[in-house]
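One file, entry28.pdb, is given below (PDB, C-alpha atoms and all ligand atoms).
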MODEL        1
ATOM      1  CA  MET A 652     -74.868-170.680 -93.221  1.00  0.00           C
ATOM      2  CA  LEU A 653     -75.620-167.932 -95.648  1.00  0.00           C
ATOM      3  CA  LYS A 654     -73.158-165.543 -97.240  1.00  0.00           C
ATOM      4  CA  LEU A 655     -74.532-162.176 -98.282  1.00  0.00           C
ATOM      5  CA  THR A 656     -72.607-159.946-100.689  1.00  0.00           C
ATOM      6  CA  TYR A 657     -73.641-156.357-101.387  1.00  0.00           C
ATOM      7  CA  LEU A 658     -72.996-155.457-105.019  1.00  0.00           C
ATOM      8  CA  SER A 659     -74.277-151.854-104.546  1.00  0.00           C
ATOM      9  CA  HIS A 660     -77.642-150.151-105.177  1.00  0.00           C
ATOM     10  CA  SER A 661     -80.278-152.854-104.486  1.00  0.00           C
ATOM     11  CA  SER A 662     -78.242-155.802-105.682  1.00  0.00           C
ATOM     12  CA  PHE A 663     -77.210-158.617-103.371  1.00  0.00           C
ATOM     13  CA  LEU A 664     -75.777-162.073-103.933  1.00  0.00           C
ATOM     14  CA  LEU A 665     -76.838-164.895-101.597  1.00  0.00           C
ATOM     15  CA  ASP A 666     -74.682-168.017-101.375  1.00  0.00           C
ATOM     16  CA  ASP A 667     -75.305-171.044 -99.141  1.00  0.00           C
ATOM     17  CA  GLY A 668     -72.275-172.954-100.441  1.00  0.00           C
ATOM     18  CA  THR A 669     -74.388-174.862-102.968  1.00  0.00           C
ATOM     19  CA  HIS A 670     -76.650-172.328-104.651  1.00  0.00           C
ATOM     20  CA  GLN A 671     -76.234-168.701-105.600  1.00  0.00           C
ATOM     21  CA  VAL A 672     -79.152-166.292-105.847  1.00  0.00           C
ATOM     22  CA  ILE A 673     -78.722-162.759-107.175  1.00  0.00           C
ATOM     23  CA  ILE A 674     -81.290-160.065-106.480  1.00  0.00           C
ATOM     24  CA  ASP A 675     -81.849-157.003-108.707  1.00  0.00           C
ATOM     25  CA  PRO A 676     -78.550-157.229-110.637  1.00  0.00           C
ATOM     26  CA  PHE A 677     -78.060-153.662-111.839  1.00  0.00           C
ATOM     27  CA  LEU A 678     -74.328-153.967-112.543  1.00  0.00           C
ATOM     28  CA  THR A 679     -73.606-152.553-116.013  1.00  0.00           C
ATOM     29  CA  GLY A 680     -73.846-148.767-115.920  1.00  0.00           C
ATOM     30  CA  ASN A 681     -73.913-148.704-112.129  1.00  0.00           C
ATOM     31  CA  PRO A 682     -71.086-146.384-111.030  1.00  0.00           C
ATOM     32  CA  ASN A 683     -70.673-148.115-107.641  1.00  0.00           C
ATOM     33  CA  CYS A 684     -70.695-151.751-108.715  1.00  0.00           C
ATOM     34  CA  PRO A 685     -67.300-153.474-108.331  1.00  0.00           C
ATOM     35  CA  VAL A 686     -68.106-156.554-110.450  1.00  0.00           C
ATOM     36  CA  LYS A 687     -69.025-157.238-114.054  1.00  0.00           C
ATOM     37  CA  ALA A 688     -72.157-159.105-115.067  1.00  0.00           C
ATOM     38  CA  SER A 689     -69.940-161.707-116.766  1.00  0.00           C
ATOM     39  CA  ASP A 690     -68.379-162.507-113.340  1.00  0.00           C
ATOM     40  CA  ILE A 691     -71.750-163.595-111.924  1.00  0.00           C
ATOM     41  CA  LYS A 692     -72.444-167.341-111.930  1.00  0.00           C
ATOM     42  CA  ALA A 693     -75.776-167.325-110.092  1.00  0.00           C
ATOM     43  CA  LYS A 694     -78.408-169.750-111.389  1.00  0.00           C
ATOM     44  CA  PHE A 695     -81.310-167.941-109.732  1.00  0.00           C
ATOM     45  CA  ILE A 696     -82.116-164.331-110.564  1.00  0.00           C
ATOM     46  CA  VAL A 697     -84.750-162.589-108.456  1.00  0.00           C
ATOM     47  CA  ILE A 698     -86.093-159.355-109.925  1.00  0.00           C
ATOM     48  CA  THR A 699     -88.354-157.251-107.695  1.00  0.00           C
ATOM     49  CA  HIS A 700     -89.621-154.986-110.481  1.00  0.00           C
ATOM     50  CA  ALA A 701     -88.824-153.974-114.038  1.00  0.00           C
ATOM     51  CA  HIS A 702     -87.186-150.575-113.584  1.00  0.00           C
ATOM     52  CA  GLY A 703     -83.782-150.483-115.252  1.00  0.00           C
ATOM     53  CA  ASP A 704     -81.904-150.137-111.963  1.00  0.00           C
ATOM     54  CA  HIS A 705     -83.354-153.515-110.834  1.00  0.00           C
ATOM     55  CA  LEU A 706     -83.922-155.560-113.994  1.00  0.00           C
ATOM     56  CA  GLY A 707     -80.423-154.436-115.004  1.00  0.00           C
ATOM     57  CA  ASP A 708     -78.339-157.359-116.260  1.00  0.00           C
ATOM     58  CA  GLY A 709     -80.854-159.903-115.007  1.00  0.00           C
ATOM     59  CA  LEU A 710     -81.813-161.378-118.355  1.00  0.00           C
ATOM     60  CA  ALA A 711     -78.207-161.517-119.598  1.00  0.00           C
ATOM     61  CA  ILE A 712     -77.068-163.273-116.404  1.00  0.00           C
ATOM     62  CA  ALA A 713     -79.921-165.765-116.693  1.00  0.00           C
ATOM     63  CA  LYS A 714     -79.007-166.585-120.298  1.00  0.00           C
ATOM     64  CA  ALA A 715     -75.264-166.814-119.628  1.00  0.00           C
ATOM     65  CA  ASN A 716     -75.741-169.276-116.745  1.00  0.00           C
ATOM     66  CA  ASP A 717     -78.772-171.211-118.042  1.00  0.00           C
ATOM     67  CA  GLY A 718     -80.414-169.718-114.977  1.00  0.00           C
ATOM     68  CA  LEU A 719     -83.953-169.073-113.819  1.00  0.00           C
ATOM     69  CA  VAL A 720     -85.574-165.655-113.564  1.00  0.00           C
ATOM     70  CA  ILE A 721     -87.948-165.436-110.603  1.00  0.00           C
ATOM     71  CA  ALA A 722     -90.439-162.581-110.825  1.00  0.00           C
ATOM     72  CA  VAL A 723     -94.125-161.687-110.729  1.00  0.00           C
ATOM     73  CA  ASN A 724     -96.168-163.030-113.614  1.00  0.00           C
ATOM     74  CA  GLU A 725     -96.001-160.111-116.072  1.00  0.00           C
ATOM     75  CA  LEU A 726     -92.270-159.573-115.636  1.00  0.00           C
ATOM     76  CA  ALA A 727     -91.568-163.314-115.758  1.00  0.00           C
ATOM     77  CA  ASN A 728     -93.496-163.512-119.038  1.00  0.00           C
ATOM     78  CA  TYR A 729     -91.349-160.686-120.404  1.00  0.00           C
ATOM     79  CA  ALA A 730     -88.186-162.573-119.382  1.00  0.00           C
ATOM     80  CA  ALA A 731     -89.488-165.711-121.107  1.00  0.00           C
ATOM     81  CA  GLU A 732     -90.247-163.718-124.274  1.00  0.00           C
ATOM     82  CA  GLN A 733     -86.629-162.576-124.241  1.00  0.00           C
ATOM     83  CA  GLY A 734     -85.473-166.208-124.184  1.00  0.00           C
ATOM     84  CA  CYS A 735     -84.969-166.793-120.452  1.00  0.00           C
ATOM     85  CA  ASN A 736     -86.194-169.608-118.260  1.00  0.00           C
ATOM     86  CA  ALA A 737     -88.630-167.992-115.856  1.00  0.00           C
ATOM     87  CA  HIS A 738     -90.720-168.917-112.858  1.00  0.00           C
ATOM     88  CA  ASN A 739     -93.933-166.918-112.673  1.00  0.00           C
ATOM     89  CA  MET A 740     -95.193-165.977-109.224  1.00  0.00           C
ATOM     90  CA  HIS A 741     -97.240-163.220-107.666  1.00  0.00           C
ATOM     91  CA  ILE A 742     -97.552-161.225-104.505  1.00  0.00           C
ATOM     92  CA  GLY A 743     -98.378-163.279-101.434  1.00  0.00           C
ATOM     93  CA  GLY A 744     -97.334-166.522-103.070  1.00  0.00           C
ATOM     94  CA  GLY A 745     -94.346-168.608-102.051  1.00  0.00           C
ATOM     95  CA  TRP A 746     -92.525-171.466-103.780  1.00  0.00           C
ATOM     96  CA  ASN A 747     -89.878-173.965-102.721  1.00  0.00           C
ATOM     97  CA  PHE A 748     -86.878-173.641-105.048  1.00  0.00           C
ATOM     98  CA  PRO A 749     -83.673-175.744-104.871  1.00  0.00           C
ATOM     99  CA  PHE A 750     -82.043-172.937-102.831  1.00  0.00           C
ATOM    100  CA  GLY A 751     -84.956-172.519-100.422  1.00  0.00           C
ATOM    101  CA  ARG A 752     -88.297-170.767-100.227  1.00  0.00           C
ATOM    102  CA  LEU A 753     -89.165-167.409-101.745  1.00  0.00           C
ATOM    103  CA  LYS A 754     -92.351-165.442-101.139  1.00  0.00           C
ATOM    104  CA  PHE A 755     -93.184-162.158-102.825  1.00  0.00           C
ATOM    105  CA  THR A 756     -94.569-159.312-100.725  1.00  0.00           C
ATOM    106  CA  ILE A 757     -96.226-156.045-101.633  1.00  0.00           C
ATOM    107  CA  ALA A 758     -94.159-152.948-102.369  1.00  0.00           C
ATOM    108  CA  HIS A 759     -95.528-149.466-103.014  1.00  0.00           C
ATOM    109  CA  HIS A 760     -93.843-148.359-106.218  1.00  0.00           C
ATOM    110  CA  GLY A 761     -94.170-148.759-110.027  1.00  0.00           C
ATOM    111  CA  SER A 762     -92.949-151.433-112.424  1.00  0.00           C
ATOM    112  CA  SER A 763     -92.920-150.504-116.099  1.00  0.00           C
ATOM    113  CA  SER A 764     -90.151-151.888-118.295  1.00  0.00           C
ATOM    114  CA  PRO A 765     -87.541-149.522-119.792  1.00  0.00           C
ATOM    115  CA  ASP A 766     -89.668-149.424-122.994  1.00  0.00           C
ATOM    116  CA  GLY A 767     -92.774-148.448-121.010  1.00  0.00           C
ATOM    117  CA  ARG A 768     -94.641-151.756-120.940  1.00  0.00           C
ATOM    118  CA  TYR A 769     -96.756-152.735-117.949  1.00  0.00           C
ATOM    119  CA  MET A 770     -94.794-155.275-115.942  1.00  0.00           C
ATOM    120  CA  GLY A 771     -97.192-156.116-113.136  1.00  0.00           C
ATOM    121  CA  GLU A 772     -96.890-154.939-109.577  1.00  0.00           C
ATOM    122  CA  PRO A 773     -93.578-154.224-107.877  1.00  0.00           C
ATOM    123  CA  ALA A 774     -92.636-156.620-105.111  1.00  0.00           C
ATOM    124  CA  GLY A 775     -90.401-157.330-102.184  1.00  0.00           C
ATOM    125  CA  ALA A 776     -89.172-160.835-101.385  1.00  0.00           C
ATOM    126  CA  VAL A 777     -88.827-162.946 -98.251  1.00  0.00           C
ATOM    127  CA  ILE A 778     -86.172-165.577 -98.956  1.00  0.00           C
ATOM    128  CA  LYS A 779     -85.412-168.554 -96.688  1.00  0.00           C
ATOM    129  CA  MET A 780     -82.020-169.982 -97.541  1.00  0.00           C
ATOM    130  CA  GLY A 781     -79.119-171.517 -95.644  1.00  0.00           C
ATOM    131  CA  GLY A 782     -81.124-171.525 -92.423  1.00  0.00           C
ATOM    132  CA  LYS A 783     -81.657-167.746 -92.577  1.00  0.00           C
ATOM    133  CA  THR A 784     -84.546-165.508 -93.579  1.00  0.00           C
ATOM    134  CA  ILE A 785     -83.869-162.400 -95.652  1.00  0.00           C
ATOM    135  CA  TYR A 786     -86.410-159.696 -96.448  1.00  0.00           C
ATOM    136  CA  HIS A 787     -85.457-157.582 -99.494  1.00  0.00           C
ATOM    137  CA  THR A 788     -88.146-154.904 -99.603  1.00  0.00           C
ATOM    138  CA  GLY A 789     -87.607-153.924-103.246  1.00  0.00           C
ATOM    139  CA  ASP A 790     -88.255-150.260-103.992  1.00  0.00           C
ATOM    140  CA  THR A 791     -91.037-149.118-101.717  1.00  0.00           C
ATOM    141  CA  GLY A 792     -92.479-146.447 -99.528  1.00  0.00           C
ATOM    142  CA  LEU A 793     -93.213-147.241 -95.912  1.00  0.00           C
ATOM    143  CA  PHE A 794     -96.304-149.386 -95.262  1.00  0.00           C
ATOM    144  CA  LEU A 795     -97.860-150.611 -92.058  1.00  0.00           C
ATOM    145  CA  ASP A 796     -98.217-154.209 -93.326  1.00  0.00           C
ATOM    146  CA  MET A 797     -94.468-154.552 -92.827  1.00  0.00           C
ATOM    147  CA  LYS A 798     -95.477-155.363 -89.246  1.00  0.00           C
ATOM    148  CA  LEU A 799     -97.244-158.455 -90.535  1.00  0.00           C
ATOM    149  CA  ILE A 800     -94.179-159.524 -92.521  1.00  0.00           C
ATOM    150  CA  GLY A 801     -92.144-159.318 -89.313  1.00  0.00           C
ATOM    151  CA  GLU A 802     -94.778-161.276 -87.390  1.00  0.00           C
ATOM    152  CA  ILE A 803     -95.078-164.104 -89.907  1.00  0.00           C
ATOM    153  CA  ASP A 804     -91.333-164.684 -90.170  1.00  0.00           C
ATOM    154  CA  LYS A 805     -88.430-163.891 -87.889  1.00  0.00           C
ATOM    155  CA  ILE A 806     -86.345-161.824 -90.291  1.00  0.00           C
ATOM    156  CA  ASP A 807     -82.591-162.291 -89.834  1.00  0.00           C
ATOM    157  CA  ALA A 808     -81.633-159.542 -92.264  1.00  0.00           C
ATOM    158  CA  MET A 809     -83.772-156.781 -93.764  1.00  0.00           C
ATOM    159  CA  LEU A 810     -82.450-155.081 -96.896  1.00  0.00           C
ATOM    160  CA  LEU A 811     -84.208-151.746 -97.292  1.00  0.00           C
ATOM    161  CA  PRO A 812     -83.946-148.516 -99.276  1.00  0.00           C
ATOM    162  CA  ILE A 813     -82.967-145.284 -97.561  1.00  0.00           C
ATOM    163  CA  GLY A 814     -82.216-143.012-100.535  1.00  0.00           C
ATOM    164  CA  ASP A 815     -85.484-141.025-100.492  1.00  0.00           C
ATOM    165  CA  ASN A 816     -87.055-139.456-103.621  1.00  0.00           C
ATOM    166  CA  PHE A 817     -88.047-142.805-105.246  1.00  0.00           C
ATOM    167  CA  THR A 818     -88.388-144.823-102.026  1.00  0.00           C
ATOM    168  CA  MET A 819     -88.330-144.498 -98.267  1.00  0.00           C
ATOM    169  CA  GLY A 820     -85.854-142.016 -96.897  1.00  0.00           C
ATOM    170  CA  ILE A 821     -83.931-142.471 -93.672  1.00  0.00           C
ATOM    171  CA  ASP A 822     -86.711-141.583 -91.225  1.00  0.00           C
ATOM    172  CA  ASP A 823     -89.343-143.800 -92.873  1.00  0.00           C
ATOM    173  CA  ALA A 824     -86.783-146.596 -93.165  1.00  0.00           C
ATOM    174  CA  LEU A 825     -86.197-146.262 -89.440  1.00  0.00           C
ATOM    175  CA  ARG A 826     -89.920-146.888 -88.889  1.00  0.00           C
ATOM    176  CA  ALA A 827     -89.755-149.858 -91.277  1.00  0.00           C
ATOM    177  CA  VAL A 828     -87.060-151.397 -89.082  1.00  0.00           C
ATOM    178  CA  GLU A 829     -89.288-150.863 -86.043  1.00  0.00           C
ATOM    179  CA  PHE A 830     -92.184-152.583 -87.839  1.00  0.00           C
ATOM    180  CA  VAL A 831     -90.225-155.636 -89.003  1.00  0.00           C
ATOM    181  CA  ASN A 832     -87.784-155.919 -86.080  1.00  0.00           C
ATOM    182  CA  PRO A 833     -85.083-157.785 -88.020  1.00  0.00           C
ATOM    183  CA  GLY A 834     -81.918-159.205 -86.475  1.00  0.00           C
ATOM    184  CA  LEU A 835     -79.912-156.933 -88.770  1.00  0.00           C
ATOM    185  CA  SER A 836     -80.878-154.082 -91.078  1.00  0.00           C
ATOM    186  CA  ILE A 837     -78.800-153.236 -94.145  1.00  0.00           C
ATOM    187  CA  PRO A 838     -79.476-150.030 -96.100  1.00  0.00           C
ATOM    188  CA  MET A 839     -79.598-150.009 -99.905  1.00  0.00           C
ATOM    189  CA  HIS A 840     -80.728-147.848-102.854  1.00  0.00           C
ATOM    190  CA  TYR A 841     -78.659-144.773-101.985  1.00  0.00           C
ATOM    191  CA  ASN A 842     -75.800-142.746-103.536  1.00  0.00           C
ATOM    192  CA  THR A 843     -76.149-144.312-106.990  1.00  0.00           C
ATOM    193  CA  PHE A 844     -77.772-141.214-108.503  1.00  0.00           C
ATOM    194  CA  PRO A 845     -77.661-137.506-107.551  1.00  0.00           C
ATOM    195  CA  VAL A 846     -81.244-137.507-106.194  1.00  0.00           C
ATOM    196  CA  ILE A 847     -80.633-140.393-103.783  1.00  0.00           C
ATOM    197  CA  GLN A 848     -77.517-139.060-102.061  1.00  0.00           C
ATOM    198  CA  VAL A 849     -77.804-139.716 -98.328  1.00  0.00           C
ATOM    199  CA  ASP A 850     -75.358-140.655 -95.579  1.00  0.00           C
ATOM    200  CA  PRO A 851     -75.996-144.275 -94.542  1.00  0.00           C
ATOM    201  CA  GLU A 852     -74.101-143.667 -91.297  1.00  0.00           C
ATOM    202  CA  VAL A 853     -76.920-141.310 -90.260  1.00  0.00           C
ATOM    203  CA  PHE A 854     -79.380-144.163 -90.755  1.00  0.00           C
ATOM    204  CA  LYS A 855     -77.125-146.554 -88.843  1.00  0.00           C
ATOM    205  CA  ALA A 856     -76.800-144.113 -85.946  1.00  0.00           C
ATOM    206  CA  LYS A 857     -80.583-143.806 -85.674  1.00  0.00           C
ATOM    207  CA  VAL A 858     -81.162-147.570 -85.849  1.00  0.00           C
ATOM    208  CA  THR A 859     -78.515-148.326 -83.245  1.00  0.00           C
ATOM    209  CA  ALA A 860     -79.865-145.540 -81.001  1.00  0.00           C
ATOM    210  CA  ASN A 861     -83.040-147.668 -80.923  1.00  0.00           C
ATOM    211  CA  GLU A 862     -80.912-150.618 -79.783  1.00  0.00           C
ATOM    212  CA  LYS A 863     -81.217-152.468 -83.066  1.00  0.00           C
ATOM    213  CA  ASN A 864     -78.467-153.789 -85.321  1.00  0.00           C
ATOM    214  CA  CYS A 865     -77.504-152.107 -88.562  1.00  0.00           C
ATOM    215  CA  ARG A 866     -74.629-152.677 -90.928  1.00  0.00           C
ATOM    216  CA  VAL A 867     -73.600-150.345 -93.728  1.00  0.00           C
ATOM    217  CA  MET A 868     -72.062-152.725 -96.237  1.00  0.00           C
ATOM    218  CA  GLN A 869     -69.256-151.661 -98.539  1.00  0.00           C
ATOM    219  CA  TYR A 870     -69.667-152.272-102.255  1.00  0.00           C
ATOM    220  CA  GLY A 871     -68.541-155.851-102.898  1.00  0.00           C
ATOM    221  CA  GLU A 872     -68.368-156.728 -99.191  1.00  0.00           C
ATOM    222  CA  THR A 873     -69.450-160.199 -98.035  1.00  0.00           C
ATOM    223  CA  ILE A 874     -70.795-161.067 -94.597  1.00  0.00           C
ATOM    224  CA  THR A 875     -71.830-164.432 -93.181  1.00  0.00           C
ATOM    225  CA  LEU A 876     -75.201-164.504 -91.467  1.00  0.00           C
TER
HETATM  226 NI    NI A 901     -87.860-148.710-109.044  1.00  0.00          NI
HETATM  227 MN    MN A 902     -84.915-148.301-107.992  1.00  0.00          MN
ENDMDL
END
Target encoding structure tokens, full file:
Amino acid sequence: MLKLTYLSHSSFLLDDGTHQVIIDPFLTGNPNCPVKASDIKAKFIVITHAHGDHLGDGLAIAKANDGLVIAVNELANYAAEQGCNAHNMHIGGGWNFPFGRLKFTIAHHGSSSPDGRYMGEPAGAVIKMGGKTIYHTGDTGLFLDMKLIGEIDKIDAMLLPIGDNFTMGIDDALRAVEFVNPGLSIPMHYNTFPVIQVDPEVFKAKVTANEKNCRVMQYGETITL
């Protein structure tokens, strides 16, 4: 059993009844986020890359909960410098955590910190938890190797950007779903800023026209996978 809560933008909370994992917790300053960072009790904080709309409240949540930041090496080092516990990984590598297994994938994007420091490569993450496999793509353009990600693991839920401008837009995201062939696709990274305004129902209509499952999650909504 795995509960998945969409906090808006690219932030999701995973809960298997024992452990909570939060991904890309951009909560403070996010106009669509229904919760406060101080409400989050997750012990594991996965950060796909260092842009402010992904790193967000990650370090504060880690400190408040004596939690663990999970990120690629350069970003994990930055978190440790700021006083957080961190687990350094890199793309292609997986590790068995108390909540399950996490493996970082490639993502085509950037990853400087808000103060302009190099923070390593941006990543996506395949997370096995509660008997389910989640693929959070991070911020990325479309890439053909997504096919390989879908071949290596049967993805139960794919969390992918559709907002265009900084990432895939709807039509490329549709191809990404074809490549990965997940049990369920959930759009993210849209409508937070003026340049990423898109209608997620258009994406859903295209995915379902291809006889695949899509769910547009409301901000703060929880589903059980
Ligand atoms: Ni980004
Ligand atoms: Mn972003």
Residues returned when the PyMOL selection byres (((chain A and resi 736) around 7) and not hetatm) runs on this file, as a list in words
Gly718, Leu719, Val720, Ala731, Gly734, Cys735 and Ala737 of chain A
Report as a PDB file with C-alpha atoms, in the coordinates of the input the full result of the PyMOL selection byres (((chain A and resi 797) around 12) and not hetatm) when it is applied to this structure.
ATOM      1  CA  THR A 756     -94.569-159.312-100.725  1.00  0.00           C
ATOM      2  CA  ILE A 757     -96.226-156.045-101.633  1.00  0.00           C
ATOM      3  CA  ALA A 758     -94.159-152.948-102.369  1.00  0.00           C
ATOM      4  CA  HIS A 759     -95.528-149.466-103.014  1.00  0.00           C
ATOM      5  CA  GLY A 775     -90.401-157.330-102.184  1.00  0.00           C
ATOM      6  CA  ALA A 776     -89.172-160.835-101.385  1.00  0.00           C
ATOM      7  CA  VAL A 777     -88.827-162.946 -98.251  1.00  0.00           C
ATOM      8  CA  TYR A 786     -86.410-159.696 -96.448  1.00  0.00           C
ATOM      9  CA  HIS A 787     -85.457-157.582 -99.494  1.00  0.00           C
ATOM     10  CA  THR A 788     -88.146-154.904 -99.603  1.00  0.00           C
ATOM     11  CA  THR A 791     -91.037-149.118-101.717  1.00  0.00           C
ATOM     12  CA  GLY A 792     -92.479-146.447 -99.528  1.00  0.00           C
ATOM     13  CA  LEU A 793     -93.213-147.241 -95.912  1.00  0.00           C
ATOM     14  CA  PHE A 794     -96.304-149.386 -95.262  1.00  0.00           C
ATOM     15  CA  LEU A 795     -97.860-150.611 -92.058  1.00  0.00           C
ATOM     16  CA  ASP A 796     -98.217-154.209 -93.326  1.00  0.00           C
ATOM     17  CA  LYS A 798     -95.477-155.363 -89.246  1.00  0.00           C
ATOM     18  CA  LEU A 799     -97.244-158.455 -90.535  1.00  0.00           C
ATOM     19  CA  ILE A 800     -94.179-159.524 -92.521  1.00  0.00           C
ATOM     20  CA  GLY A 801     -92.144-159.318 -89.313  1.00  0.00           C
ATOM     21  CA  GLU A 802     -94.778-161.276 -87.390  1.00  0.00           C
ATOM     22  CA  ILE A 803     -95.078-164.104 -89.907  1.00  0.00           C
ATOM     23  CA  ASP A 804     -91.333-164.684 -90.170  1.00  0.00           C
ATOM     24  CA  ILE A 806     -86.345-161.824 -90.291  1.00  0.00           C
ATOM     25  CA  MET A 809     -83.772-156.781 -93.764  1.00  0.00           C
ATOM     26  CA  LEU A 811     -84.208-151.746 -97.292  1.00  0.00           C
ATOM     27  CA  ASP A 823     -89.343-143.800 -92.873  1.00  0.00           C
ATOM     28  CA  ALA A 824     -86.783-146.596 -93.165  1.00  0.00           C
ATOM     29  CA  ARG A 826     -89.920-146.888 -88.889  1.00  0.00           C
ATOM     30  CA  ALA A 827     -89.755-149.858 -91.277  1.00  0.00           C
ATOM     31  CA  VAL A 828     -87.060-151.397 -89.082  1.00  0.00           C
ATOM     32  CA  GLU A 829     -89.288-150.863 -86.043  1.00  0.00           C
ATOM     33  CA  PHE A 830     -92.184-152.583 -87.839  1.00  0.00           C
ATOM     34  CA  VAL A 831     -90.225-155.636 -89.003  1.00  0.00           C
ATOM     35  CA  ASN A 832     -87.784-155.919 -86.080  1.00  0.00           C
ATOM     36  CA  PRO A 833     -85.083-157.785 -88.020  1.00  0.00           C
TER      37      PRO A 833
END
Surrounding residues as a ChimeraX atom specification, ligand MN 902 (chain A), max 12 Å, only C-alpha atoms and all ligand atoms
/A:659-662,675-677,681,698-707,758-763,773-774,788-792,811-819,839-844,846-847
Evaluate the PyMOL selection byres (((chain A and resi 863) around 9) and not hetatm) on the structure here and hand back the selected residues as a PDB file with C-alpha atoms, in the frame of the given file.
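Writing done, so here's selection21.pdb:
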ATOM      1  CA  VAL A 828     -87.060-151.397 -89.082  1.00  0.00           C
ATOM      2  CA  GLU A 829     -89.288-150.863 -86.043  1.00  0.00           C
ATOM      3  CA  ASN A 832     -87.784-155.919 -86.080  1.00  0.00           C
ATOM      4  CA  PRO A 833     -85.083-157.785 -88.020  1.00  0.00           C
ATOM      5  CA  GLY A 834     -81.918-159.205 -86.475  1.00  0.00           C
ATOM      6  CA  LEU A 835     -79.912-156.933 -88.770  1.00  0.00           C
ATOM      7  CA  SER A 836     -80.878-154.082 -91.078  1.00  0.00           C
ATOM      8  CA  VAL A 858     -81.162-147.570 -85.849  1.00  0.00           C
ATOM      9  CA  THR A 859     -78.515-148.326 -83.245  1.00  0.00           C
ATOM     10  CA  ALA A 860     -79.865-145.540 -81.001  1.00  0.00           C
ATOM     11  CA  ASN A 861     -83.040-147.668 -80.923  1.00  0.00           C
ATOM     12  CA  GLU A 862     -80.912-150.618 -79.783  1.00  0.00           C
ATOM     13  CA  ASN A 864     -78.467-153.789 -85.321  1.00  0.00           C
ATOM     14  CA  CYS A 865     -77.504-152.107 -88.562  1.00  0.00           C
TER      15      CYS A 865
END
Have a look at A:Asp766, A:Glu772, A:Asp822, A:Asp666 and name the one nearest to ligand NI 901 (chain A); count only C-alpha atoms and all ligand atoms.
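Of all the options, A:Glu772 lies closest to ligand NI 901 (chain A).
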Measuring between all atoms listed in the file, which one of A:Leu678, A:Thr784, A:Ala730, A:Glu725 shows the shortest distance to A:Lys754?
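Closest candidate: A:Thr784.
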Could I see stretch 755-766 of chain A restored to N, CA and C atoms, set down as a PDB file, in the frame of the given file?
ATOM      1  N   PHE A 755     -93.135-163.572-102.446  1.00  0.00           N
ATOM      2  CA  PHE A 755     -93.184-162.158-102.825  1.00  0.00           C
ATOM      3  C   PHE A 755     -94.150-161.399-101.911  1.00  0.00           C
ATOM      4  N   THR A 756     -93.748-160.199-101.562  1.00  0.00           N
ATOM      5  CA  THR A 756     -94.569-159.312-100.725  1.00  0.00           C
ATOM      6  C   THR A 756     -94.991-158.089-101.547  1.00  0.00           C
ATOM      7  N   ILE A 757     -95.882-157.316-100.993  1.00  0.00           N
ATOM      8  CA  ILE A 757     -96.226-156.045-101.633  1.00  0.00           C
ATOM      9  C   ILE A 757     -95.051-155.073-101.536  1.00  0.00           C
ATOM     10  N   ALA A 758     -95.052-154.113-102.443  1.00  0.00           N
ATOM     11  CA  ALA A 758     -94.159-152.948-102.369  1.00  0.00           C
ATOM     12  C   ALA A 758     -94.929-151.800-103.003  1.00  0.00           C
ATOM     13  N   HIS A 759     -94.807-150.616-102.441  1.00  0.00           N
ATOM     14  CA  HIS A 759     -95.528-149.466-103.014  1.00  0.00           C
ATOM     15  C   HIS A 759     -94.590-148.693-103.918  1.00  0.00           C
ATOM     16  N   HIS A 760     -94.787-148.887-105.243  1.00  0.00           N
ATOM     17  CA  HIS A 760     -93.843-148.359-106.218  1.00  0.00           C
ATOM     18  C   HIS A 760     -94.470-148.546-107.595  1.00  0.00           C
ATOM     19  N   GLY A 761     -93.693-148.480-108.670  1.00  0.00           N
ATOM     20  CA  GLY A 761     -94.170-148.759-110.027  1.00  0.00           C
ATOM     21  C   GLY A 761     -93.369-149.913-110.598  1.00  0.00           C
ATOM     22  N   SER A 762     -93.731-150.351-111.810  1.00  0.00           N
ATOM     23  CA  SER A 762     -92.949-151.433-112.424  1.00  0.00           C
ATOM     24  C   SER A 762     -93.159-151.513-113.928  1.00  0.00           C
ATOM     25  N   SER A 763     -92.919-150.403-114.640  1.00  0.00           N
ATOM     26  CA  SER A 763     -92.920-150.504-116.099  1.00  0.00           C
ATOM     27  C   SER A 763     -91.519-150.909-116.558  1.00  0.00           C
ATOM     28  N   SER A 764     -91.454-151.517-117.730  1.00  0.00           N
ATOM     29  CA  SER A 764     -90.151-151.888-118.295  1.00  0.00           C
ATOM     30  C   SER A 764     -89.498-150.626-118.865  1.00  0.00           C
ATOM     31  N   PRO A 765     -88.200-150.701-119.204  1.00  0.00           N
ATOM     32  CA  PRO A 765     -87.541-149.522-119.792  1.00  0.00           C
ATOM     33  C   PRO A 765     -88.240-149.011-121.062  1.00  0.00           C
ATOM     34  N   ASP A 766     -88.946-149.889-121.798  1.00  0.00           N
ATOM     35  CA  ASP A 766     -89.668-149.424-122.994  1.00  0.00           C
ATOM     36  C   ASP A 766     -91.128-149.061-122.686  1.00  0.00           C
TER      37      ASP A 766
END
